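**Q** Data: entry.txt, compact mmCIF, C-alpha atoms (C1' of nucleotides).
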# COMPACT_ATOMS: atom_id res chain seq x y z
CA MET A 14 59.69 101.16 139.29
CA THR A 15 60.57 102.15 135.77
CA GLY A 16 63.76 103.34 134.16
CA THR A 17 65.90 100.75 135.86
CA LYS A 18 69.06 100.13 133.85
CA VAL A 19 69.10 96.81 132.10
CA ALA A 20 72.45 95.09 132.25
CA TYR A 21 73.97 94.39 128.86
CA ASP A 22 76.94 92.09 128.86
CA LEU A 23 78.38 92.12 125.39
CA ASP A 24 80.68 89.19 126.07
CA THR A 25 77.83 86.76 126.59
CA GLN A 26 75.75 87.80 123.59
CA VAL A 27 75.48 85.09 120.98
CA GLY A 28 76.34 87.45 118.14
CA PHE A 29 79.55 88.57 119.77
CA LEU A 30 80.59 85.01 120.50
CA LEU A 31 79.78 83.95 116.94
CA ARG A 32 81.94 86.74 115.59
CA GLN A 33 84.91 85.76 117.72
CA VAL A 34 84.65 82.05 116.95
CA THR A 35 84.37 82.88 113.26
CA GLN A 36 87.46 85.05 113.47
CA ARG A 37 89.43 82.26 115.07
CA HIS A 38 88.22 79.81 112.46
CA LEU A 39 89.16 82.13 109.60
CA GLY A 40 92.65 82.45 111.04
CA ILE A 41 93.05 78.69 111.22
CA PHE A 42 91.80 78.34 107.66
CA ALA A 43 94.13 80.98 106.26
CA ALA A 44 97.10 79.31 107.95
CA ARG A 45 96.31 75.85 106.57
CA VAL A 46 94.99 76.69 103.12
CA PRO A 47 96.58 79.96 102.00
CA ASP A 48 95.64 79.55 98.34
CA VAL A 49 91.91 80.18 98.66
CA THR A 50 89.50 81.62 101.18
CA PRO A 51 86.84 79.58 103.01
CA THR A 52 84.08 80.86 100.75
CA GLN A 53 86.09 80.14 97.63
CA PHE A 54 86.81 76.64 98.92
CA ALA A 55 83.13 76.17 99.69
CA ALA A 56 82.28 77.02 96.09
CA LEU A 57 84.85 74.55 94.79
CA ALA A 58 83.52 71.89 97.17
CA LYS A 59 79.97 72.29 95.92
CA LEU A 60 81.08 72.35 92.30
CA SER A 61 82.95 69.13 92.92
CA VAL A 62 79.71 67.47 94.00
CA LEU A 63 77.21 69.20 91.75
CA GLY A 64 79.22 69.51 88.55
CA PRO A 65 78.58 72.55 86.33
CA THR A 66 76.09 74.78 88.11
CA SER A 67 74.57 78.14 87.32
CA GLN A 68 76.16 80.99 89.21
CA ASN A 69 73.09 81.84 91.28
CA ALA A 70 72.39 78.18 92.03
CA LEU A 71 75.96 77.83 93.24
CA GLY A 72 75.35 80.81 95.47
CA ARG A 73 72.28 79.18 96.97
CA ALA A 74 74.18 75.94 97.54
CA THR A 75 76.91 77.82 99.40
CA ALA A 76 74.69 80.30 101.24
CA MET A 77 75.80 83.38 99.32
CA ASP A 78 73.52 85.89 97.69
CA ALA A 79 73.79 86.78 94.03
CA ALA A 80 76.11 89.73 94.55
CA THR A 81 78.45 87.80 96.81
CA ILE A 82 78.75 84.67 94.68
CA LYS A 83 79.50 86.84 91.68
CA GLY A 84 82.58 88.25 93.40
CA VAL A 85 83.68 84.81 94.53
CA VAL A 86 83.31 83.33 91.04
CA ASP A 87 85.13 86.33 89.53
CA ARG A 88 88.10 85.80 91.83
CA LEU A 89 88.15 82.04 91.27
CA LYS A 90 88.14 82.75 87.53
CA ILE A 91 91.05 85.19 87.80
CA ARG A 92 93.00 82.50 89.67
CA GLY A 93 92.13 79.93 87.01
CA TYR A 94 90.19 77.62 89.32
CA VAL A 95 86.84 77.83 87.54
CA GLU A 96 85.60 78.64 84.08
CA THR A 97 82.22 79.86 82.92
CA ARG A 98 80.09 79.52 79.83
CA ARG A 99 76.59 80.52 78.79
CA ASP A 100 73.83 78.00 79.11
CA PRO A 101 72.68 77.48 75.47
CA ASP A 102 69.18 76.66 76.71
CA ASP A 103 68.85 79.76 78.89
CA GLN A 104 70.65 82.87 77.81
CA ARG A 105 70.47 84.31 81.31
CA ARG A 106 72.36 81.49 82.94
CA ILE A 107 76.11 81.15 83.31
CA PHE A 108 77.43 77.69 83.98
CA VAL A 109 80.32 77.60 86.41
CA ALA A 110 82.64 74.59 86.34
CA PRO A 111 85.97 73.83 88.01
CA THR A 112 89.06 73.75 85.82
CA PRO A 113 91.50 70.86 86.22
CA ALA A 114 93.56 73.22 88.39
CA GLY A 115 90.51 73.95 90.51
CA GLN A 116 89.67 70.28 90.92
CA SER A 117 93.27 69.50 91.81
CA LEU A 118 93.34 72.31 94.35
CA PHE A 119 90.19 71.01 95.97
CA ASP A 120 91.40 67.40 96.05
CA ALA A 121 94.75 68.47 97.43
CA ASN A 122 93.17 70.42 100.27
CA VAL A 123 90.26 68.26 101.39
CA ASP A 124 92.37 66.76 104.15
CA ALA A 125 93.54 70.17 105.27
CA ALA A 126 89.96 71.41 105.28
CA LEU A 127 88.92 68.56 107.54
CA GLN A 128 91.84 69.33 109.81
CA ILE A 129 90.73 72.94 109.93
CA SER A 130 87.35 71.88 111.25
CA ASP A 131 89.08 69.62 113.71
CA GLU A 132 91.45 72.32 114.93
CA THR A 133 88.62 74.80 115.25
CA LEU A 134 86.77 72.34 117.48
CA ALA A 135 89.93 71.22 119.31
CA PRO A 136 88.91 72.70 122.69
CA LEU A 137 85.83 70.47 122.69
CA SER A 138 85.37 66.77 123.39
CA GLY A 139 83.87 64.49 120.79
CA ARG A 140 80.48 64.64 122.43
CA GLU A 141 80.63 68.41 122.74
CA ARG A 142 81.49 68.74 119.08
CA GLU A 143 78.42 66.81 118.04
CA THR A 144 76.29 68.86 120.39
CA LEU A 145 77.63 72.13 119.02
CA LEU A 146 77.14 71.15 115.39
CA GLY A 147 73.62 70.00 116.19
CA LEU A 148 72.73 73.24 117.93
CA LEU A 149 74.28 75.40 115.21
CA ASN A 150 72.33 73.43 112.67
CA LYS A 151 69.11 74.34 114.43
CA LEU A 152 69.98 78.03 114.18
CA THR A 153 70.62 77.99 110.44
CA MET B 20 94.76 51.10 99.47
CA THR B 21 95.74 54.71 98.77
CA GLY B 22 94.10 57.51 96.84
CA THR B 23 90.68 56.75 98.20
CA LYS B 24 88.49 59.83 97.95
CA VAL B 25 87.77 61.44 101.27
CA ALA B 26 84.22 62.58 101.64
CA TYR B 27 83.85 66.29 102.27
CA ASP B 28 80.42 67.40 103.35
CA LEU B 29 80.41 71.17 103.35
CA ASP B 30 77.08 71.40 105.13
CA THR B 31 78.39 69.80 108.31
CA GLN B 32 81.61 71.80 108.57
CA VAL B 33 81.70 74.08 111.57
CA GLY B 34 82.88 77.06 109.53
CA PHE B 35 80.01 76.78 107.09
CA LEU B 36 77.48 76.49 109.91
CA LEU B 37 79.02 79.45 111.71
CA ARG B 38 78.74 81.56 108.58
CA GLN B 39 75.07 80.72 108.12
CA VAL B 40 74.13 81.31 111.75
CA THR B 41 75.99 84.61 111.65
CA GLN B 42 74.10 85.63 108.52
CA ARG B 43 70.79 84.89 110.17
CA HIS B 44 71.81 86.82 113.26
CA LEU B 45 72.93 89.85 111.24
CA GLY B 46 69.58 89.87 109.49
CA ILE B 47 67.73 89.85 112.79
CA PHE B 48 69.92 92.64 114.12
CA ALA B 49 69.45 94.86 111.08
CA ALA B 50 65.68 94.44 111.32
CA ARG B 51 65.51 95.38 115.01
CA VAL B 52 68.18 98.06 115.23
CA PRO B 53 68.49 99.73 111.83
CA ASP B 54 70.44 102.74 113.10
CA VAL B 55 73.73 101.02 113.79
CA THR B 56 75.45 97.77 112.91
CA PRO B 57 76.27 95.02 115.42
CA THR B 58 79.92 96.04 115.59
CA GLN B 59 79.05 99.69 116.04
CA PHE B 60 76.63 98.74 118.80
CA ALA B 61 79.31 96.60 120.41
CA ALA B 62 81.65 99.58 120.49
CA LEU B 63 78.97 101.76 122.08
CA ALA B 64 78.23 99.03 124.62
CA LYS B 65 81.85 98.78 125.69
CA LEU B 66 82.23 102.56 125.82
CA SER B 67 79.17 102.69 128.03
CA VAL B 68 80.89 100.41 130.53
CA LEU B 69 84.50 101.52 130.17
CA GLY B 70 84.05 105.24 129.67
CA PRO B 71 86.57 107.07 127.47
CA THR B 72 88.91 104.47 126.00
CA SER B 73 91.78 104.63 123.57
CA GLN B 74 90.86 103.55 120.07
CA ASN B 75 93.04 100.45 120.01
CA ALA B 76 91.97 99.44 123.52
CA LEU B 77 88.36 99.73 122.39
CA GLY B 78 89.23 97.49 119.51
CA ARG B 79 90.67 94.87 121.84
CA ALA B 80 87.59 95.06 124.07
CA THR B 81 85.34 94.45 121.09
CA ALA B 82 87.53 91.92 119.28
CA MET B 83 88.46 94.17 116.36
CA ASP B 84 91.94 94.79 115.11
CA ALA B 85 93.36 98.29 114.76
CA ALA B 86 92.34 98.76 111.14
CA THR B 87 88.80 97.56 111.77
CA ILE B 88 88.10 99.60 114.88
CA LYS B 89 89.37 102.68 113.08
CA GLY B 90 86.68 102.33 110.45
CA VAL B 91 84.02 101.67 113.06
CA VAL B 92 85.01 104.72 115.10
CA ASP B 93 85.14 106.86 111.95
CA ARG B 94 81.61 105.90 111.03
CA LEU B 95 80.31 106.39 114.58
CA LYS B 96 81.93 109.83 114.52
CA ILE B 97 80.30 110.74 111.23
CA ARG B 98 76.95 109.76 112.71
CA GLY B 99 77.63 111.83 115.82
CA TYR B 100 77.57 108.92 118.26
CA VAL B 101 81.14 109.25 119.53
CA GLU B 102 83.76 111.96 119.77
CA THR B 103 87.53 111.71 120.02
CA ARG B 104 90.32 113.71 121.61
CA ARG B 105 94.04 113.27 122.09
CA ASP B 106 95.26 111.84 125.36
CA PRO B 107 97.34 114.67 126.87
CA ASP B 108 99.50 112.14 128.69
CA ASP B 109 100.27 110.02 125.62
CA GLN B 110 100.40 111.77 122.30
CA ARG B 111 99.86 108.54 120.43
CA ARG B 112 96.51 107.77 122.02
CA ILE B 113 93.09 108.93 120.92
CA PHE B 114 90.38 108.80 123.52
CA VAL B 115 87.01 107.72 122.19
CA ALA B 116 83.90 108.65 124.18
CA PRO B 117 80.18 108.41 123.43
CA THR B 118 78.30 111.62 122.78
CA PRO B 119 74.94 112.19 124.53
CA ALA B 120 73.34 111.05 121.29
CA GLY B 121 75.47 107.91 121.33
CA GLN B 122 74.63 107.16 124.94
CA SER B 123 70.93 107.74 124.25
CA LEU B 124 71.05 105.48 121.25
CA PHE B 125 72.66 102.73 123.27
CA ASP B 126 70.22 103.08 126.17
CA ALA B 127 67.26 103.14 123.81
CA ASN B 128 68.35 99.93 122.09
CA VAL B 129 69.59 97.74 124.93
CA ASP B 130 66.23 96.01 125.16
CA ALA B 131 66.15 95.47 121.42
CA ALA B 132 69.67 94.06 121.52
CA LEU B 133 68.67 91.55 124.16
CA GLN B 134 65.65 90.61 122.08
CA ILE B 135 67.95 90.10 119.11
CA SER B 136 69.97 87.55 121.07
CA ASP B 137 66.73 85.95 122.17
CA GLU B 138 65.32 85.77 118.66
CA THR B 139 68.58 84.37 117.31
CA LEU B 140 68.40 81.58 119.88
CA ALA B 141 64.65 81.12 119.50
CA PRO B 142 64.88 77.62 117.98
CA LEU B 143 66.65 76.40 121.14
CA SER B 144 65.37 75.55 124.59
CA GLY B 145 66.69 77.36 127.64
CA ARG B 146 69.06 74.53 128.44
CA GLU B 147 70.26 74.31 124.85
CA ARG B 148 70.95 78.04 124.81
CA GLU B 149 73.19 77.78 127.84
CA THR B 150 74.97 74.81 126.33
CA LEU B 151 75.57 76.62 123.07
CA LEU B 152 76.89 79.77 124.71
CA GLY B 153 79.17 77.67 126.89
CA LEU B 154 80.55 75.74 123.93
CA LEU B 155 81.03 78.86 121.82
CA ASN B 156 82.83 80.45 124.73
CA LYS B 157 85.30 77.57 124.75
CA LEU B 158 86.07 78.18 121.08
CA THR B 159 86.83 81.87 121.48
C1' DC C 21 50.66 86.47 70.23
C1' DG C 22 51.34 89.84 74.04
C1' DC C 23 51.40 90.83 78.88
C1' DC C 24 52.89 89.80 83.42
C1' DT C 25 55.85 87.73 86.54
C1' DA C 26 59.88 85.48 88.05
C1' DT C 27 64.65 84.53 87.49
C1' DT C 28 69.43 85.62 86.32
C1' DG C 29 73.25 88.21 86.51
C1' DT C 30 75.32 92.97 87.09
C1' DT C 31 76.46 97.25 89.34
C1' DA C 32 76.97 100.69 93.09
C1' DG C 33 77.16 101.70 97.78
C1' DT C 34 78.04 100.55 102.62
C1' DA C 35 80.27 97.89 106.29
C1' DT C 36 83.08 94.53 108.47
C1' DA C 37 87.77 92.14 108.70
C1' DC C 38 92.58 91.09 108.11
C1' DA C 39 97.53 91.55 106.49
C1' DA C 40 101.26 94.39 105.71
C1' DA C 41 103.81 98.40 105.86
C1' DC C 42 104.58 102.85 107.81
C1' DG C 43 105.75 107.00 111.05
C1' DG C 44 105.65 108.64 115.47
C1' DA C 45 105.55 108.24 120.55
C1' DT C 46 106.56 105.69 124.59
C1' DT C 47 108.67 102.22 127.36
C1' DT C 48 112.05 98.83 128.29
C1' DT C 49 116.54 97.43 128.58
C1' DG C 50 121.43 97.21 128.41
C1' DC D 20 121.40 107.85 128.76
C1' DA D 21 121.00 105.59 124.22
C1' DA D 22 119.41 101.71 121.56
C1' DA D 23 115.94 98.43 121.05
C1' DA D 24 111.50 96.95 121.52
C1' DT D 25 106.85 97.92 121.89
C1' DC D 26 102.65 100.36 121.21
C1' DC D 27 99.50 103.61 118.66
C1' DG D 28 97.13 105.03 114.90
C1' DT D 29 96.96 105.26 109.69
C1' DT D 30 96.84 103.67 105.02
C1' DT D 31 96.47 100.37 101.23
C1' DG D 32 94.91 96.22 99.29
C1' DT D 33 92.04 92.15 99.29
C1' DA D 34 87.82 89.58 100.43
C1' DT D 35 83.40 88.67 102.16
C1' DA D 36 78.35 90.20 102.59
C1' DC D 37 74.13 92.71 102.15
C1' DT D 38 70.74 96.14 100.00
C1' DA D 39 68.88 98.31 96.17
C1' DA D 40 68.16 99.10 91.60
C1' DC D 41 68.63 97.54 86.94
C1' DA D 42 68.53 95.03 82.17
C1' DA D 43 67.75 90.91 79.85
C1' DT D 44 65.70 86.59 79.42
C1' DA D 45 62.25 82.93 80.23
C1' DG D 46 57.88 81.01 81.28
C1' DG D 47 52.90 81.14 82.22
C1' DC D 48 48.47 82.42 80.86
C1' DG D 49 44.63 84.46 78.74
Could you express the structure from this file as structure tokens?
**A**
Amino acid sequence: MTGTKVAYDLDTQVGFLLRQVTQRHLGIFAARVPDVTPTQFAALAKLSVLGPTSQNALGRATAMDAATIKGVVDRLKIRGYVETRRDPDDQRRIFVAPTPAGQSLFDANVDAALQISDETLAPLSGRERETLLGLLNKLT
Amino acid sequence: MTGTKVAYDLDTQVGFLLRQVTQRHLGIFAARVPDVTPTQFAALAKLSVLGPTSQNALGRATAMDAATIKGVVDRLKIRGYVETRRDPDDQRRIFVAPTPAGQSLFDANVDAALQISDETLAPLSGRERETLLGLLNKLT
DNA sequence: CGCCTATTGTTAGTATACAAACGGATTTTG
DNA sequence: CAAAATCCGTTTGTATACTAACAATAGGCG
């Protein structure tokens, strides 16, 4: 028996669920930290740990490809949160570093960022949260 | 003791994990179904179940806001996968319906779409997959 | 030294995704 | 019935995110 229709339930597909959860999370983030986007905050967070980092390396640390991190750094620069300078030892590289304003912004919003994660996971128990993060980590 | 620095580990934040898992999933989708994007396929899937649907209602069914679904429908129209016509009973509404080509495309790729979900979840056991989908569903 | 390869950053094009503002049509409500 | 509220679709602006192609630089190796 061939040609039987295969059921396709969009609402239970992992991609569709991921998209919706991401949308909800982005909404929570925008409400709590209106000054920067999640990706911009991620870049500031990594810079805060790594110190001056080449643009592409920053992209790798934040899971953005070269084209994407360029746009993020450009916008952070326009807002005065990072500054860039050529690496004297490698004329291809551009060092990206947070400005004092960028560092202050990050410090001032770390608590809010943690609350964003908490609010996103609010429907789950503590055990469920750990389970989810563990499973997501496996799918990275 | 105030002013103590709060640790912020980007790599364990739910939003960062969601973004990376989504990226991996989008890559798998593009490799298996190059003709349409995940959102375009989602629209075709819902149309296949719902039949002719108003543009905004299709957006709600696929978790896209009005501006987003408009772009998706426009691109599906350009590719000849859907067609639109005014609702005679409500001059505001635009009915969206799949063309034969759109229906064929959906039917021909349902199996691939299911494999995409499977491949995305490949690192997980059967029980883990159910757990993940259940937890994601709670966060919708 | 010169060639080859890899890396770095840029640009252009395509595709979500949302907010905000708008005009027009419909429905609700007083 | 008329005003208000709601809904529908559109447009503009901003922000990811990827692919592909490209120029410039750096490093390895004979």
**Q** Scan for residues within 10 Å of the point (82.2, 92.9, 94.5) in the coordinates of the file, using only C-alpha atoms (C1' of nucleotides), and reply as an mmCIF file with C-alpha atoms (C1' of nucleotides), in the frame of the given file.
**A**
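The new file point.cif reads:
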data_model
loop_
_atom_site.group_PDB
_atom_site.id
_atom_site.type_symbol
_atom_site.label_atom_id
_atom_site.label_comp_id
_atom_site.auth_asym_id
_atom_site.auth_seq_id
_atom_site.Cartn_x
_atom_site.Cartn_y
_atom_site.Cartn_z
ATOM 1 C CA ALA A 80 76.110 89.730 94.550
ATOM 2 C CA THR A 81 78.450 87.800 96.810
ATOM 3 C CA ILE A 82 78.750 84.670 94.680
ATOM 4 C CA LYS A 83 79.500 86.840 91.680
ATOM 5 C CA GLY A 84 82.580 88.250 93.400
ATOM 6 C CA VAL A 85 83.680 84.810 94.530
ATOM 7 C CA ASP A 87 85.130 86.330 89.530
ATOM 8 C CA ARG A 88 88.100 85.800 91.830
ATOM 9 C "C1'" DT C 31 76.460 97.250 89.340
ATOM 10 C "C1'" DA C 32 76.970 100.690 93.090
ATOM 11 C "C1'" DA D 34 87.820 89.580 100.430
ATOM 12 C "C1'" DT D 35 83.400 88.670 102.160
ATOM 13 C "C1'" DA D 36 78.350 90.200 102.590
#
**Q** Using all atoms listed in the file, I'd like every residue of chain B that has an atom within 8 Å of chain C; please write them out as a list in words.
**A**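 The complete set of qualifying residues is Thr58, Met83, Asp84, Thr87, Asp109, Gln110 and Arg111 of chain B.
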**Q** Chain A superposed on chain B over all ordered C-alpha pairs, least squares: can you write that as an mmCIF file with C-alpha atoms, keeping the file's coordinate frame?
**A**
data_model
loop_
_atom_site.group_PDB
_atom_site.id
_atom_site.type_symbol
_atom_site.label_atom_id
_atom_site.label_comp_id
_atom_site.auth_asym_id
_atom_site.auth_seq_id
_atom_site.Cartn_x
_atom_site.Cartn_y
_atom_site.Cartn_z
ATOM 1 C CA MET A 14 94.823 51.188 99.427
ATOM 2 C CA THR A 15 95.712 54.781 98.759
ATOM 3 C CA GLY A 16 94.033 57.517 96.789
ATOM 4 C CA THR A 17 90.605 56.763 98.151
ATOM 5 C CA LYS A 18 88.394 59.841 97.923
ATOM 6 C CA VAL A 19 87.698 61.440 101.246
ATOM 7 C CA ALA A 20 84.130 62.593 101.624
ATOM 8 C CA TYR A 21 83.774 66.301 102.268
ATOM 9 C CA ASP A 22 80.358 67.439 103.338
ATOM 10 C CA LEU A 23 80.381 71.196 103.349
ATOM 11 C CA ASP A 24 77.049 71.442 105.130
ATOM 12 C CA THR A 25 78.346 69.832 108.296
ATOM 13 C CA GLN A 26 81.587 71.793 108.547
ATOM 14 C CA VAL A 27 81.697 74.069 111.553
ATOM 15 C CA GLY A 28 82.891 77.039 109.522
ATOM 16 C CA PHE A 29 80.014 76.798 107.097
ATOM 17 C CA LEU A 30 77.492 76.501 109.896
ATOM 18 C CA LEU A 31 79.038 79.455 111.722
ATOM 19 C CA ARG A 32 78.763 81.563 108.599
ATOM 20 C CA GLN A 33 75.099 80.751 108.116
ATOM 21 C CA VAL A 34 74.158 81.328 111.750
ATOM 22 C CA THR A 35 76.032 84.624 111.667
ATOM 23 C CA GLN A 36 74.170 85.653 108.540
ATOM 24 C CA ARG A 37 70.844 84.923 110.163
ATOM 25 C CA HIS A 38 71.855 86.835 113.262
ATOM 26 C CA LEU A 39 72.973 89.855 111.243
ATOM 27 C CA GLY A 40 69.616 89.891 109.486
ATOM 28 C CA ILE A 41 67.755 89.850 112.783
ATOM 29 C CA PHE A 42 69.951 92.638 114.110
ATOM 30 C CA ALA A 43 69.491 94.857 111.074
ATOM 31 C CA ALA A 44 65.717 94.444 111.296
ATOM 32 C CA ARG A 45 65.540 95.379 114.983
ATOM 33 C CA VAL A 46 68.217 98.048 115.221
ATOM 34 C CA PRO A 47 68.530 99.727 111.821
ATOM 35 C CA ASP A 48 70.475 102.728 113.109
ATOM 36 C CA VAL A 49 73.777 100.985 113.797
ATOM 37 C CA THR A 50 75.486 97.737 112.923
ATOM 38 C CA PRO A 51 76.306 94.998 115.455
ATOM 39 C CA THR A 52 79.954 96.015 115.608
ATOM 40 C CA GLN A 53 79.078 99.665 116.054
ATOM 41 C CA PHE A 54 76.651 98.728 118.823
ATOM 42 C CA ALA A 55 79.324 96.581 120.436
ATOM 43 C CA ALA A 56 81.658 99.572 120.521
ATOM 44 C CA LEU A 57 78.980 101.750 122.095
ATOM 45 C CA ALA A 58 78.233 99.018 124.642
ATOM 46 C CA LYS A 59 81.852 98.789 125.726
ATOM 47 C CA LEU A 60 82.221 102.556 125.850
ATOM 48 C CA SER A 61 79.163 102.687 128.060
ATOM 49 C CA VAL A 62 80.891 100.416 130.565
ATOM 50 C CA LEU A 63 84.488 101.528 130.209
ATOM 51 C CA GLY A 64 84.039 105.261 129.719
ATOM 52 C CA PRO A 65 86.551 107.081 127.493
ATOM 53 C CA THR A 66 88.898 104.490 126.036
ATOM 54 C CA SER A 67 91.773 104.654 123.601
ATOM 55 C CA GLN A 68 90.851 103.557 120.112
ATOM 56 C CA ASN A 69 93.053 100.461 120.087
ATOM 57 C CA ALA A 70 91.964 99.467 123.590
ATOM 58 C CA LEU A 71 88.362 99.741 122.459
ATOM 59 C CA GLY A 72 89.240 97.475 119.575
ATOM 60 C CA ARG A 73 90.685 94.883 121.927
ATOM 61 C CA ALA A 74 87.611 95.072 124.152
ATOM 62 C CA THR A 75 85.355 94.438 121.160
ATOM 63 C CA ALA A 76 87.548 91.900 119.367
ATOM 64 C CA MET A 77 88.480 94.126 116.439
ATOM 65 C CA ASP A 78 91.972 94.760 115.188
ATOM 66 C CA ALA A 79 93.391 98.243 114.850
ATOM 67 C CA ALA A 80 92.375 98.693 111.228
ATOM 68 C CA THR A 81 88.832 97.507 111.823
ATOM 69 C CA ILE A 82 88.124 99.559 114.939
ATOM 70 C CA LYS A 83 89.396 102.633 113.147
ATOM 71 C CA GLY A 84 86.710 102.261 110.487
ATOM 72 C CA VAL A 85 84.040 101.620 113.091
ATOM 73 C CA VAL A 86 85.025 104.677 115.137
ATOM 74 C CA ASP A 87 85.177 106.802 111.967
ATOM 75 C CA ARG A 88 81.626 105.837 111.042
ATOM 76 C CA LEU A 89 80.328 106.341 114.579
ATOM 77 C CA LYS A 90 81.944 109.787 114.519
ATOM 78 C CA ILE A 91 80.318 110.693 111.198
ATOM 79 C CA ARG A 92 76.951 109.708 112.693
ATOM 80 C CA GLY A 93 77.644 111.797 115.790
ATOM 81 C CA TYR A 94 77.576 108.894 118.241
ATOM 82 C CA VAL A 95 81.141 109.230 119.513
ATOM 83 C CA GLU A 96 83.741 111.940 119.751
ATOM 84 C CA THR A 97 87.501 111.701 120.005
ATOM 85 C CA ARG A 98 90.282 113.714 121.560
ATOM 86 C CA ARG A 99 94.016 113.316 122.040
ATOM 87 C CA ASP A 100 95.273 111.925 125.288
ATOM 88 C CA PRO A 101 97.347 114.825 126.750
ATOM 89 C CA ASP A 102 99.564 112.312 128.547
ATOM 90 C CA ASP A 103 100.268 110.202 125.461
ATOM 91 C CA GLN A 104 100.326 111.924 122.128
ATOM 92 C CA ARG A 105 99.790 108.643 120.311
ATOM 93 C CA ARG A 106 96.510 107.854 121.985
ATOM 94 C CA ILE A 107 93.058 108.972 120.914
ATOM 95 C CA PHE A 108 90.357 108.840 123.532
ATOM 96 C CA VAL A 109 86.999 107.728 122.209
ATOM 97 C CA ALA A 110 83.885 108.671 124.175
ATOM 98 C CA PRO A 111 80.164 108.425 123.434
ATOM 99 C CA THR A 112 78.286 111.645 122.762
ATOM 100 C CA PRO A 113 74.949 112.203 124.500
ATOM 101 C CA ALA A 114 73.338 111.027 121.253
ATOM 102 C CA GLY A 115 75.459 107.892 121.323
ATOM 103 C CA GLN A 116 74.606 107.157 124.939
ATOM 104 C CA SER A 117 70.926 107.733 124.245
ATOM 105 C CA LEU A 118 71.049 105.445 121.228
ATOM 106 C CA PHE A 119 72.648 102.715 123.284
ATOM 107 C CA ASP A 120 70.192 103.083 126.172
ATOM 108 C CA ALA A 121 67.266 103.126 123.783
ATOM 109 C CA ASN A 122 68.353 99.911 122.095
ATOM 110 C CA VAL A 123 69.592 97.728 124.939
ATOM 111 C CA ASP A 124 66.234 95.996 125.140
ATOM 112 C CA ALA A 125 66.160 95.449 121.405
ATOM 113 C CA ALA A 126 69.681 94.055 121.526
ATOM 114 C CA LEU A 127 68.656 91.545 124.164
ATOM 115 C CA GLN A 128 65.663 90.598 122.063
ATOM 116 C CA ILE A 129 67.962 90.086 119.109
ATOM 117 C CA SER A 130 69.955 87.544 121.072
ATOM 118 C CA ASP A 131 66.732 85.934 122.156
ATOM 119 C CA GLU A 132 65.328 85.756 118.636
ATOM 120 C CA THR A 133 68.581 84.380 117.299
ATOM 121 C CA LEU A 134 68.407 81.584 119.869
ATOM 122 C CA ALA A 135 64.634 81.121 119.495
ATOM 123 C CA PRO A 136 64.870 77.623 117.957
ATOM 124 C CA LEU A 137 66.626 76.405 121.102
ATOM 125 C CA SER A 138 65.335 75.550 124.566
ATOM 126 C CA GLY A 139 66.654 77.340 127.609
ATOM 127 C CA ARG A 140 69.010 74.510 128.410
ATOM 128 C CA GLU A 141 70.232 74.315 124.832
ATOM 129 C CA ARG A 142 70.933 78.023 124.802
ATOM 130 C CA GLU A 143 73.167 77.769 127.831
ATOM 131 C CA THR A 144 74.934 74.792 126.323
ATOM 132 C CA LEU A 145 75.549 76.603 123.051
ATOM 133 C CA LEU A 146 76.880 79.747 124.701
ATOM 134 C CA GLY A 147 79.143 77.629 126.880
ATOM 135 C CA LEU A 148 80.534 75.707 123.932
ATOM 136 C CA LEU A 149 81.021 78.834 121.823
ATOM 137 C CA ASN A 150 82.822 80.396 124.730
ATOM 138 C CA LYS A 151 85.285 77.528 124.751
ATOM 139 C CA LEU A 152 86.063 78.129 121.081
ATOM 140 C CA THR A 153 86.836 81.822 121.483
#
**Q** Separation of CA of Leu71 (chain A) and CA of Asp48 (chain A), in Å?
**A**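 So the answer is 20.4 Å.
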**Q** Kindly extract all protein, DNA and RNA residues lying within 12 Å of the coordinates (93.2, 73.5, 84.6) given in the file, considering only C-alpha atoms (C1' of nucleotides), and supply them as a ChimeraX atom specification.
**A** /A:89-90,92-96,110-118
**Q** Do you have, as a tab-separated table, the list of residues of chain D lying at most 12 Å from chain A, each with its nearest atom pair and that distance in Å to one decimal, counting all atoms listed in the file and ordered by chain then number?
**A**
residue	atom	partner	partner_atom	distance
D:DT33	C1'	A:Arg88	CA	10.6
D:DA34	C1'	A:Thr50	CA	8.2
D:DT35	C1'	A:Thr81	CA	7.3
D:DA36	C1'	A:Thr81	CA	6.3
D:DC37	C1'	A:Asp78	CA	8.2
D:DT38	C1'	A:Ala80	CA	10.0
D:DA39	C1'	A:Ala80	CA	11.3
D:DA42	C1'	A:Arg105	CA	10.9
D:DA43	C1'	A:Arg105	CA	7.3
D:DT44	C1'	A:Arg105	CA	5.6
D:DA45	C1'	A:Asp103	CA	7.4
D:DG46	C1'	A:Asp103	CA	11.3
**Q** May I have the selected residues written with C-alpha atoms (C1' of nucleotides), as a PDB file, in the coordinates of the input?
**A**
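And here's result.pdb as it stands now:
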ATOM      1  C1'  DT D  33      92.040  92.150  99.290  1.00  0.00           C
ATOM      2  C1'  DA D  34      87.820  89.580 100.430  1.00  0.00           C
ATOM      3  C1'  DT D  35      83.400  88.670 102.160  1.00  0.00           C
ATOM      4  C1'  DA D  36      78.350  90.200 102.590  1.00  0.00           C
ATOM      5  C1'  DC D  37      74.130  92.710 102.150  1.00  0.00           C
ATOM      6  C1'  DT D  38      70.740  96.140 100.000  1.00  0.00           C
ATOM      7  C1'  DA D  39      68.880  98.310  96.170  1.00  0.00           C
ATOM      8  C1'  DA D  42      68.530  95.030  82.170  1.00  0.00           C
ATOM      9  C1'  DA D  43      67.750  90.910  79.850  1.00  0.00           C
ATOM     10  C1'  DT D  44      65.700  86.590  79.420  1.00  0.00           C
ATOM     11  C1'  DA D  45      62.250  82.930  80.230  1.00  0.00           C
ATOM     12  C1'  DG D  46      57.880  81.010  81.280  1.00  0.00           C
TER      13       DG D  46
END
